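The next block is model.tsv, given as TSV, C-alpha atoms.
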chain	number	residue	atom	x	y	z
F	60	MET	CA	260.19	168.02	307.28
F	61	ALA	CA	256.92	166.23	306.61
F	62	TYR	CA	253.81	167.09	308.59
F	63	ALA	CA	250.77	164.91	309.00
F	64	ALA	CA	247.32	166.44	308.88
F	65	THR	CA	246.12	167.12	312.39
F	66	ALA	CA	242.96	165.68	313.88
F	67	GLY	CA	239.68	167.28	313.11
F	68	GLY	CA	240.61	168.44	309.65
F	69	VAL	CA	242.22	171.69	310.82
F	70	ASN	CA	244.95	171.28	308.26
F	71	VAL	CA	242.62	171.49	305.31
F	72	ALA	CA	245.47	172.97	303.30
F	73	ALA	CA	247.18	169.62	303.59
F	74	THR	CA	244.80	168.31	300.87
F	75	ALA	CA	246.55	170.55	298.36
F	76	ALA	CA	249.18	169.19	296.00
F	77	PRO	CA	252.46	168.45	297.81
F	78	GLY	CA	254.32	171.02	295.73
F	79	VAL	CA	251.80	173.74	296.55
F	80	LEU	CA	251.85	172.83	300.23
F	81	ALA	CA	255.65	172.97	300.34
F	82	LEU	CA	255.63	176.35	298.56
F	83	GLN	CA	253.12	177.80	301.02
F	84	ARG	CA	255.13	176.64	304.02
F	85	ALA	CA	258.36	177.97	302.50
F	86	LEU	CA	256.72	181.36	302.03
F	87	VAL	CA	255.68	181.41	305.70
F	88	TRP	CA	259.33	180.75	306.62
F	89	LEU	CA	260.50	183.51	304.27
F	90	VAL	CA	258.10	186.06	305.74
F	91	GLY	CA	259.25	185.16	309.26
F	92	ALA	CA	262.95	185.43	308.38
F	93	SER	CA	262.62	188.66	306.37
F	94	GLY	CA	260.94	190.46	309.27
F	95	ALA	CA	264.38	191.01	310.81
F	96	ILE	CA	265.57	193.33	308.02
F	97	VAL	CA	263.65	196.58	308.08
F	98	PHE	CA	266.23	199.38	307.94
F	99	ILE	CA	265.61	199.84	304.22
F	100	GLU	CA	262.32	200.72	302.48
F	101	PRO	CA	260.63	198.92	300.98
F	102	SER	CA	262.01	196.28	303.30
F	103	PRO	CA	262.44	192.58	302.41
F	104	TYR	CA	259.52	191.95	304.79
F	105	GLU	CA	257.15	194.04	302.67
F	106	ILE	CA	258.28	192.30	299.49
F	107	ALA	CA	258.07	188.81	301.02
F	108	THR	CA	254.65	189.47	302.56
F	109	LEU	CA	253.27	190.85	299.29
F	110	LEU	CA	254.62	187.85	297.39
F	111	ALA	CA	253.22	185.42	299.95
F	112	THR	CA	249.81	187.14	299.90
F	113	VAL	CA	249.53	186.89	296.13
F	114	ILE	CA	250.61	183.24	296.02
F	115	PHE	CA	248.44	182.18	298.95
F	116	PHE	CA	245.35	183.78	297.43
F	117	ALA	CA	246.17	182.12	294.11
F	118	THR	CA	246.65	178.69	295.68
F	119	GLY	CA	243.82	178.77	298.22
F	120	LEU	CA	243.03	180.82	301.32
F	121	ARG	CA	239.79	181.07	303.29
F	122	LEU	CA	238.33	183.81	305.48
F	123	ARG	CA	236.62	182.05	308.37
F	124	LEU	CA	233.51	183.51	309.99
F	125	VAL	CA	235.29	183.85	313.36
F	126	LEU	CA	237.67	186.36	311.74
F	127	MET	CA	234.92	188.77	310.69
F	128	PRO	CA	235.04	190.85	313.94
F	129	LEU	CA	238.79	191.23	313.41
F	130	LEU	CA	238.23	192.43	309.85
F	131	LEU	CA	235.51	194.88	310.93
F	132	MET	CA	237.61	196.43	313.71
F	133	LEU	CA	240.61	196.84	311.41
F	134	ILE	CA	238.50	198.56	308.75
F	135	LEU	CA	236.88	200.95	311.24
F	136	LEU	CA	240.26	201.72	312.82
F	137	ASN	CA	241.73	202.74	309.48
F	138	VAL	CA	238.62	204.58	308.33
F	139	GLY	CA	239.06	206.77	311.39
F	140	TYR	CA	242.69	207.44	310.50
F	141	THR	CA	241.78	208.17	306.88
F	142	ILE	CA	239.01	210.64	307.76
F	143	SER	CA	241.14	212.51	310.31
F	144	ALA	CA	243.95	212.86	307.78
F	145	ILE	CA	241.78	214.51	305.09
F	146	PRO	CA	243.08	218.07	305.78
F	147	LEU	CA	246.67	216.76	305.65
F	148	TYR	CA	246.75	214.84	302.38
F	149	GLU	CA	249.13	217.32	300.76
F	150	ARG	CA	251.82	216.04	303.13
F	151	THR	CA	253.64	213.03	301.77
F	152	GLU	CA	254.57	211.64	305.18
F	153	VAL	CA	250.93	211.61	306.27
F	154	VAL	CA	249.79	209.78	303.13
F	155	SER	CA	252.60	207.29	303.66
F	156	TRP	CA	251.51	206.80	307.30
F	157	ILE	CA	247.92	206.11	306.26
F	158	ALA	CA	249.03	203.68	303.54
F	159	THR	CA	251.24	201.87	306.06
F	160	SER	CA	248.34	201.55	308.50
F	161	TRP	CA	246.10	200.00	305.85
F	162	TYR	CA	248.95	197.71	304.82
F	163	MET	CA	249.44	196.57	308.43
F	164	ALA	CA	245.73	195.76	308.60
F	165	VAL	CA	246.03	193.63	305.46
F	166	THR	CA	248.96	191.72	307.00
F	167	VAL	CA	246.90	190.98	310.12
F	168	VAL	CA	244.11	189.41	308.07
F	169	PHE	CA	246.66	187.58	305.93
F	170	PHE	CA	248.40	186.00	308.95
F	171	ALA	CA	245.07	185.13	310.56
F	172	MET	CA	243.87	183.36	307.41
F	173	VAL	CA	247.20	181.60	306.84
F	174	ILE	CA	247.60	180.33	310.41
F	175	SER	CA	243.97	179.19	310.63
F	176	GLU	CA	244.79	176.32	308.22
F	177	ASP	CA	247.66	173.82	308.21
F	178	THR	CA	248.26	175.40	311.59
F	179	GLU	CA	250.91	173.27	313.23
F	180	ALA	CA	253.16	173.08	310.17
F	181	ARG	CA	252.88	176.75	309.28
F	182	LEU	CA	253.54	177.83	312.87
F	183	ASP	CA	256.65	175.68	312.91
F	184	MET	CA	257.89	177.28	309.70
F	185	LEU	CA	257.10	180.74	311.04
F	186	ARG	CA	259.03	179.92	314.23
F	187	ARG	CA	262.03	178.69	312.25
F	188	GLY	CA	262.02	181.78	310.05
F	189	LEU	CA	261.74	184.14	313.01
F	190	VAL	CA	264.63	182.46	314.81
F	191	VAL	CA	266.88	182.61	311.72
F	192	GLY	CA	266.05	186.28	311.17
F	193	ALA	CA	266.53	187.08	314.85
F	194	MET	CA	269.95	185.42	314.88
F	195	ILE	CA	271.05	187.49	311.88
F	196	ALA	CA	269.81	190.71	313.47
F	197	SER	CA	271.32	189.81	316.85
F	198	LEU	CA	274.74	188.88	315.52
F	199	LEU	CA	274.93	192.07	313.46
F	200	ALA	CA	273.80	194.15	316.43
F	201	ILE	CA	276.45	192.59	318.67
F	202	ALA	CA	279.12	192.94	315.99
F	203	GLY	CA	278.22	196.60	315.50
F	204	TYR	CA	278.28	197.36	319.21
F	205	PHE	CA	281.73	195.81	319.70
F	206	HIS	CA	283.08	197.34	316.44
F	207	LEU	CA	283.67	193.95	314.84
F	208	VAL	CA	282.43	195.11	311.42
F	209	PRO	CA	284.64	197.69	309.66
F	210	GLY	CA	282.57	200.81	309.06
F	211	GLY	CA	279.51	199.16	310.56
F	212	ASN	CA	279.24	201.29	313.68
F	213	ASP	CA	277.04	203.97	312.10
F	214	LEU	CA	274.86	201.39	310.35
F	215	LEU	CA	274.44	198.89	313.19
F	216	THR	CA	274.32	201.18	316.24
F	217	LEU	CA	272.53	204.39	317.23
F	218	TYR	CA	273.61	206.70	320.07
F	219	GLY	CA	275.88	203.97	321.39
F	220	ARG	CA	273.09	201.38	321.40
F	221	ALA	CA	272.90	198.27	319.23
F	222	ARG	CA	270.22	198.38	316.55
F	223	GLY	CA	271.41	195.76	314.06
F	224	THR	CA	269.15	195.59	311.00
F	225	PHE	CA	266.55	197.92	312.52
F	226	LYS	CA	266.26	201.71	312.47
F	227	ASP	CA	265.60	201.92	316.22
F	228	PRO	CA	267.24	199.96	319.09
F	229	ASN	CA	263.88	199.88	320.89
F	230	VAL	CA	262.25	198.06	317.98
F	231	LEU	CA	265.18	195.62	317.72
F	232	GLY	CA	264.79	194.72	321.40
F	233	ALA	CA	261.03	194.30	321.13
F	234	TYR	CA	261.28	192.21	317.94
F	235	LEU	CA	263.76	189.77	319.47
F	236	ILE	CA	261.50	188.84	322.38
F	237	LEU	CA	259.32	186.35	320.50
F	238	PRO	CA	262.23	184.44	318.87
F	239	ALA	CA	263.96	184.44	322.26
F	240	LEU	CA	260.85	182.88	323.81
F	241	PHE	CA	260.85	180.19	321.13
F	242	ALA	CA	264.50	179.43	321.94
F	243	LEU	CA	263.76	179.40	325.68
F	244	GLN	CA	260.94	176.90	325.15
F	245	SER	CA	263.39	174.53	323.50
F	246	VAL	CA	265.91	175.02	326.30
F	247	VAL	CA	263.44	173.95	328.99
F	248	SER	CA	261.63	171.17	327.15
F	249	ASP	CA	263.59	169.63	324.24
F	250	LYS	CA	266.22	166.90	324.16
F	251	LEU	CA	269.78	167.73	325.18
F	252	ALA	CA	271.34	168.41	321.75
F	253	LYS	CA	268.53	170.68	320.58
F	254	ALA	CA	268.27	172.35	323.97
F	255	PHE	CA	272.02	173.14	323.93
F	256	ARG	CA	271.78	174.75	320.48
F	257	ASN	CA	268.95	176.89	321.72
F	258	VAL	CA	270.88	177.86	324.86
F	259	ILE	CA	273.38	179.48	322.50
F	260	ALA	CA	270.61	181.09	320.42
F	261	PHE	CA	268.83	182.40	323.52
F	262	GLY	CA	272.10	183.78	324.88
F	263	ILE	CA	272.89	185.62	321.64
F	264	MET	CA	269.41	187.13	321.39
F	265	SER	CA	269.41	188.10	325.07
F	266	LEU	CA	272.79	189.78	324.64
F	267	ALA	CA	271.48	191.76	321.66
F	268	ILE	CA	268.43	192.83	323.69
F	269	LEU	CA	270.70	193.91	326.53
F	270	LEU	CA	272.95	195.92	324.19
F	271	ALA	CA	269.94	197.64	322.64
F	272	PHE	CA	269.61	199.32	326.05
F	273	SER	CA	265.84	199.43	325.82
F	274	ARG	CA	264.27	199.39	329.27
F	275	ALA	CA	260.97	198.18	327.83
F	276	ALA	CA	262.70	195.29	326.04
F	277	TRP	CA	264.63	194.32	329.19
F	278	GLY	CA	261.47	194.23	331.25
F	279	GLY	CA	259.54	192.64	328.40
F	280	LEU	CA	261.97	189.73	328.07
F	281	VAL	CA	261.94	189.02	331.81
F	282	LEU	CA	258.18	189.32	332.26
F	283	THR	CA	257.13	187.47	329.11
F	284	SER	CA	259.62	184.68	329.83
F	285	ALA	CA	258.27	184.30	333.36
F	286	PHE	CA	254.66	184.39	332.14
F	287	MET	CA	255.28	181.86	329.37
F	288	LEU	CA	257.18	179.49	331.65
F	289	ALA	CA	254.39	179.70	334.23
F	290	LEU	CA	251.85	178.77	331.53
F	291	MET	CA	254.08	175.91	330.39
F	292	VAL	CA	254.20	174.57	333.94
F	293	LEU	CA	250.42	174.85	334.28
F	294	THR	CA	249.78	173.14	330.93
F	295	SER	CA	252.41	170.38	331.27
F	296	ARG	CA	251.02	166.87	331.30
F	297	THR	CA	253.46	165.32	333.80
F	298	ASN	CA	255.29	166.28	336.97
F	299	ALA	CA	258.58	165.39	335.28
F	300	GLN	CA	257.93	168.02	332.61
F	301	ARG	CA	257.06	170.60	335.23
F	302	SER	CA	260.20	169.86	337.23
F	303	ARG	CA	262.42	170.17	334.18
F	304	ILE	CA	260.90	173.50	333.19
F	305	VAL	CA	261.46	174.91	336.67
F	306	ILE	CA	265.04	173.62	336.94
F	307	MET	CA	266.06	174.79	333.47
F	308	ALA	CA	264.42	178.17	334.05
F	309	VAL	CA	266.52	178.64	337.18
F	310	VAL	CA	269.68	177.63	335.29
F	311	ALA	CA	268.83	180.07	332.48
F	312	ALA	CA	268.29	182.87	335.01
F	313	VAL	CA	271.65	182.18	336.66
F	314	LEU	CA	273.44	182.18	333.29
F	315	GLY	CA	271.68	185.41	332.39
F	316	LEU	CA	272.86	187.11	335.56
F	317	ALA	CA	276.39	185.86	334.87
F	318	LEU	CA	276.24	187.37	331.37
F	319	ILE	CA	275.13	190.71	332.78
F	320	ALA	CA	277.94	190.64	335.34
F	321	VAL	CA	280.51	190.07	332.59
F	322	LEU	CA	279.16	192.94	330.52
F	323	LEU	CA	279.10	195.29	333.48
F	324	SER	CA	282.83	194.69	333.89
F	325	LEU	CA	283.27	196.77	330.72
F	326	ASP	CA	283.32	200.43	331.68
F	327	SER	CA	281.51	201.80	328.62
F	328	THR	CA	278.76	199.18	328.86
F	329	ALA	CA	278.39	199.70	332.60
F	330	GLU	CA	277.99	203.45	332.14
F	331	MET	CA	275.34	203.05	329.44
F	332	PHE	CA	273.55	200.42	331.51
F	333	LYS	CA	273.49	202.72	334.53
F	334	GLN	CA	272.17	205.59	332.44
F	335	ARG	CA	269.44	203.57	330.71
F	336	ALA	CA	268.40	201.68	333.86
F	337	SER	CA	267.53	204.93	335.60
F	338	PHE	CA	263.83	205.74	335.94
F	339	GLY	CA	264.63	209.44	336.14
F	340	GLN	CA	265.11	210.12	332.43
F	341	SER	CA	264.65	213.79	331.53
F	342	TYR	CA	262.19	213.00	328.74
F	343	ASP	CA	259.94	211.11	331.17
F	344	GLU	CA	259.58	213.85	333.76
F	345	GLY	CA	257.81	217.19	333.99
F	346	ARG	CA	254.61	218.65	332.58
F	347	PHE	CA	255.66	217.89	328.99
F	348	GLY	CA	257.53	214.68	329.74
F	349	ARG	CA	256.34	211.30	328.50
F	350	PHE	CA	253.70	210.80	331.19
F	351	GLY	CA	252.74	214.44	331.37
F	352	ARG	CA	252.03	214.36	327.64
F	353	HIS	CA	249.78	211.35	328.16
F	354	ILE	CA	247.57	213.32	330.54
F	355	LEU	CA	247.49	216.48	328.43
F	356	GLY	CA	246.90	214.51	325.24
F	357	ALA	CA	244.00	212.60	326.84
F	358	GLU	CA	242.39	215.90	327.82
F	359	MET	CA	242.74	217.12	324.22
F	360	ALA	CA	241.31	213.89	322.82
F	361	LEU	CA	238.06	214.36	324.77
F	362	ASP	CA	237.44	217.64	322.91
F	363	LEU	CA	238.44	216.47	319.41
F	364	PRO	CA	236.05	213.91	317.85
F	365	PHE	CA	238.16	213.77	314.68
F	366	GLY	CA	241.52	214.02	316.41
F	367	ILE	CA	244.38	216.11	315.03
F	368	GLY	CA	245.54	213.69	312.33
F	369	PRO	CA	248.55	211.38	312.02
F	370	LEU	CA	252.03	212.69	312.89
F	371	GLN	CA	250.65	215.95	314.30
F	372	PHE	CA	251.09	215.37	318.02
F	373	ASN	CA	254.64	216.72	318.06
F	374	ARG	CA	253.35	220.05	316.70
F	375	TYR	CA	251.61	220.59	320.03
F	376	PHE	CA	254.11	218.87	322.33
F	377	PRO	CA	257.92	218.45	322.37
F	378	GLU	CA	257.78	214.77	321.30
F	379	ASP	CA	255.43	212.11	319.97
F	380	THR	CA	252.75	210.45	322.10
F	381	HIS	CA	254.77	207.38	323.13
F	382	ASN	CA	251.44	205.70	323.85
F	383	SER	CA	249.70	203.77	321.09
F	384	TYR	CA	246.25	204.02	322.67
F	385	LEU	CA	246.50	207.80	322.98
F	386	ASN	CA	247.97	207.99	319.48
F	387	ALA	CA	244.90	206.22	318.09
F	388	PHE	CA	242.67	208.96	319.55
F	389	MET	CA	244.92	211.77	318.34
F	390	SER	CA	245.57	210.33	314.87
F	391	GLY	CA	242.08	208.96	314.12
F	392	GLY	CA	239.65	210.67	316.46
F	393	TRP	CA	237.10	208.88	318.60
F	394	LEU	CA	236.44	206.19	316.00
F	395	SER	CA	240.04	204.97	315.90
F	396	GLY	CA	240.49	205.75	319.58
F	397	VAL	CA	237.74	203.31	320.49
F	398	CYS	CA	238.51	200.68	317.84
F	399	TYR	CA	242.22	200.35	318.58
F	400	PRO	CA	241.95	199.34	322.26
F	401	ALA	CA	238.83	197.31	321.42
F	402	LEU	CA	240.85	195.35	318.85
F	403	VAL	CA	243.81	194.86	321.16
F	404	PHE	CA	241.96	193.90	324.32
F	405	THR	CA	239.41	191.74	322.55
F	406	THR	CA	242.40	189.78	321.29
F	407	VAL	CA	243.85	189.62	324.81
F	408	ILE	CA	240.58	188.37	326.34
F	409	MET	CA	240.04	185.77	323.63
F	410	GLY	CA	243.69	184.80	323.91
F	411	PHE	CA	243.40	184.08	327.63
F	412	ARG	CA	240.31	181.96	326.99
F	413	HIS	CA	242.31	179.70	324.66
F	414	VAL	CA	245.46	179.28	326.76
F	415	PHE	CA	244.47	175.92	328.26
F	416	ILE	CA	242.90	174.36	325.17
F	417	ARG	CA	244.81	171.19	324.23
F	418	VAL	CA	245.82	171.66	320.61
F	419	PRO	CA	248.90	170.30	318.79
F	420	TRP	CA	250.32	173.83	318.51
F	421	GLN	CA	249.78	174.80	322.15
F	422	ARG	CA	253.48	175.40	322.80
F	423	ALA	CA	253.77	177.88	319.94
F	424	TYR	CA	250.54	179.53	321.10
F	425	LEU	CA	251.95	180.15	324.57
F	426	ALA	CA	255.07	181.84	323.17
F	427	ILE	CA	253.23	184.04	320.68
F	428	PHE	CA	250.49	185.02	323.12
F	429	SER	CA	253.05	185.86	325.83
F	430	ALA	CA	255.09	188.03	323.44
F	431	PHE	CA	251.92	189.70	322.15
F	432	LEU	CA	250.76	190.45	325.70
F	433	GLY	CA	254.15	192.00	326.45
F	434	THR	CA	253.82	194.33	323.45
F	435	VAL	CA	250.30	195.27	324.54
F	436	GLY	CA	251.75	196.44	327.83
F	437	GLU	CA	254.66	198.19	326.12
F	438	SER	CA	252.17	200.11	323.98
F	439	PHE	CA	251.33	202.24	327.01
F	440	VAL	CA	254.81	203.81	326.96
F	441	ILE	CA	255.88	203.68	323.31
F	442	ASP	CA	254.33	203.91	319.84
F	443	THR	CA	253.97	200.33	318.62
F	444	ASP	CA	251.16	200.90	316.11
F	445	HIS	CA	253.44	200.46	313.06
F	446	TRP	CA	255.58	197.63	314.42
F	447	ARG	CA	255.36	194.87	311.84
F	448	HIS	CA	255.92	192.05	314.32
F	449	PHE	CA	253.11	193.35	316.57
F	450	TRP	CA	250.55	193.02	313.78
F	451	MET	CA	252.02	189.66	312.76
F	452	MET	CA	251.49	188.34	316.31
F	453	LEU	CA	247.97	189.77	316.48
F	454	GLY	CA	247.04	188.03	313.23
F	455	ALA	CA	248.69	184.78	314.35
F	456	VAL	CA	246.73	184.79	317.62
F	457	TRP	CA	243.45	185.17	315.75
F	458	GLY	CA	244.48	182.45	313.30
F	459	MET	CA	245.29	180.04	316.14
F	460	ILE	CA	242.00	180.86	317.86
F	461	ALA	CA	240.09	180.13	314.65
F	462	ALA	CA	241.99	176.86	314.18
F	463	ALA	CA	241.38	175.85	317.82
F	464	GLN	CA	237.64	176.29	317.42
F	465	VAL	CA	237.59	174.05	314.35
F	466	TYR	CA	239.87	171.54	316.11
F	467	LYS	CA	237.54	171.33	319.13
F	468	LEU	CA	234.47	170.95	316.92
F	469	ARG	CA	235.96	168.21	314.76
F	470	SER	CA	237.50	166.42	317.73
F	471	GLY	CA	234.10	166.38	319.44
F	472	GLU	CA	232.50	164.98	316.30
F	473	ASP	CA	235.16	162.26	316.06
F	474	ALA	CA	234.66	161.34	319.72
F	475	SER	CA	230.86	161.14	319.38
F	476	SER	CA	231.08	158.97	316.27
F	477	ALA	CA	233.63	156.59	317.80
Can I see the file as structure tokens?
Amino acid sequence: MAYAATAGGVNVAATAAPGVLALQRALVWLVGASGAIVFIEPSPYEIATLLATVIFFATGLRLRLVLMPLLLMLILLNVGYTISAIPLYERTEVVSWIATSWYMAVTVVFFAMVISEDTEARLDMLRRGLVVGAMIASLLAIAGYFHLVPGGNDLLTLYGRARGTFKDPNVLGAYLILPALFALQSVVSDKLAKAFRNVIAFGIMSLAILLAFSRAAWGGLVLTSAFMLALMVLTSRTNAQRSRIVIMAVVAAVLGLALIAVLLSLDSTAEMFKQRASFGQSYDEGRFGRFGRHILGAEMALDLPFGIGPLQFNRYFPEDTHNSYLNAFMSGGWLSGVCYPALVFTTVIMGFRHVFIRVPWQRAYLAIFSAFLGTVGESFVIDTDHWRHFWMMLGAVWGMIAAAQVYKLRSGEDASSA
């Protein structure tokens, strides 16, 4: 597909040779698609991202001034982790954790720089790649759950829950939310043929999320979908668009409830659903349950300026923190504990400020920001600090913000010179 350079010179990468431009966009697609396969290490995502980083830097990539606060917060966050881990460097798993954290920071800056140029085209390729990867992961997860793949039950499920190409069903469910939002956007706003194809895609991804039996993913899909659709209604240009979004959203909700009803007719699925839907899980309750650990860990964090180091929380408590903000304090001391929420909520605040800016990629922005916001909320009850797609979304949000600022500036200059 050919893309024209957008107004205001945002797509400065479009001045590159056509072959280079096509290669860059193909790499963005590859990174998006490979993110769905992470049950092996190094994963295809790591390889694709490393390859894309090298080629993008070789063919042209710029660090905009607006991204400097992002870079500073990422460096300080990981310096805190690195300092707190000094007494633990003889442990391979700790060194690996630190290296992964620095790598995630590099991917954030990479995505921010990539998306800040040639924005509309690269976002479209990222969307396409994510949807392809999500469909592969979803179909394998569903096939594994229903024993459709010989010998695939152990590989594609965990504790009776679908996990597909991921190590953890919870991460599968969380990862699928953004591609599902992209599909939902097409359902409520595109022409009939494309909307129908995406009805199928959205149904498959929703089924995989349901079979992952992750309460956070269930709630995340519902809440982020509602939030994104509300933003789409508010940003629509005509009443006809608004009406269609509302009608199609209602139809999608009805079909979703019908899907759940069919699944609950299966005894094994109904039993697992009942078990997972309960808010009285044993690991959530009590002094050392999930929320009890949050309180006790916060009290510890106040007395430990350098924290206790990465992967050490379960030496003091029965399980891990299951709270990324608390984990930053425990793993990196006060420096990381302050920088991590500062990074996340600075992104959230800036993200809200750019929701209503009219840019050619506004639709993609609404989906990515909604999914990112859902993960920010989920981070209060689960450790998301090494989720690849979380850092990808964070970098993409910053890249779109940087591109929007250039777009507004150049559009204003064009209007004043007209």
Would you tabulate, counting only C-alpha atoms, all residues of region 270-314 of chain F that have an atom at most 6 Å from an atom of region 223-244 of chain F, showing the closest pair of atoms and their distance in Å to one decimal, sorted by chain then ascending number, as a tab-separated table?
residue	atom	partner	partner_atom	distance
F:Ala271	CA	F:Pro228	CA	5.0
F:Ser273	CA	F:Asn229	CA	5.3
F:Ala276	CA	F:Gly232	CA	5.1
F:Leu280	CA	F:Ile236	CA	5.8
Notebook entry, point to check: With all atoms listed in the file as the basis for distance, which of F:Ala430, F:Ile145, F:Ala180, F:Met127 is at the shortest distance from Leu282 (chain F)?
Noted result: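 Checking each of F:Ala430, F:Ile145, F:Ala180, F:Met127 against Leu282 (chain F), counting all atoms listed in the file, the winner is F:Ala430.
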Per residue of region 145-221 of chain F within 10 Å of region 97-112 of chain F, which atom pair is closest and at what distance in Å (one decimal), using all atoms listed in the file, listed by chain and increasing number, as CSV?
residue,atom,partner,partner_atom,distance
F:Tyr162,CA,F:Glu105,CA,9.2
F:Met163,CA,F:Glu105,CA,10.0
F:Val165,CA,F:Thr112,CA,9.3
F:Thr166,CA,F:Thr108,CA,7.6
F:Phe169,CA,F:Thr112,CA,6.8
F:Phe170,CA,F:Thr112,CA,9.2
F:Val173,CA,F:Thr112,CA,9.3
F:Leu214,CA,F:Phe98,CA,9.2
F:Leu215,CA,F:Phe98,CA,9.8
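Across F:Val87, F:Glu437, F:Leu468, F:Cys398, the tightest approach to Gly278 (chain F) is made by F:Glu437 when counting all atoms listed in the file.
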Next item on the list: For Asn382 (chain F), list every protein, DNA or RNA residue within 7 Å, evaluated using all atoms listed in the file, and leave out those in the same chain fewer than 3 positions away; present the list as a ChimeraX atom specification.
Entry: /F:385-386,438-442
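For the atom pair formed by CA of Leu135 (chain F) and CA of Ala164 (chain F), the distance is 10.6 Å, given to one decimal.
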Check: Could you name the residues that touch Val305 (chain F) at 9 Å or less, counting all atoms listed in the file, but leaving out those on the same chain fewer than 3 positions away, as an MDAnalysis selection string?
Finding: chainID F and resid 247 288:289 292 300:302 308:310
Checklist line | One-decimal distance in Å that lies between CA of Asp379 (chain F) and CA of Gly366 (chain F) | finding: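 So the two atoms, CA of Gly366 (chain F) and CA of Asp379 (chain F), lie 14.5 Å apart.
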Margin query: Please determine, counting only C-alpha atoms, which residue among F:Leu370, F:Leu453, F:Ser429, F:Val125 has the shortest atom-to-atom distance to Phe286 (chain F).
Written below: F:Ser429
Check: Between F:Leu207, F:Ile157, F:Ile304, F:Leu120, which is the closest to Asp444 (chain F) once you count all atoms listed in the file?
Finding: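 For Asp444 (chain F), the nearest of the candidates is F:Ile157.
Proximity of F:Leu89, F:Met287, F:Met451, F:Ala387 to Pro369 (chain F), computed with all atoms listed in the file, is greatest for F:Ala387.
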Next item on the list: Please provide as an MDAnalysis selection string all residues within 12 Å of Ser327 (chain F), with the sequence filter that same-chain residues fewer than 6 positions apart are discarded (counting all atoms listed in the file).
Entry: chainID F and resid 204:205 219:220 270 333:334
Next item on the list: Could you check how far CA of Val321 (chain F) sits from CA of Asp249 (chain F), in Å to one decimal?
Entry: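 Calculated distance between CA of Val321 (chain F) and CA of Asp249 (chain F) is 27.8 Å.
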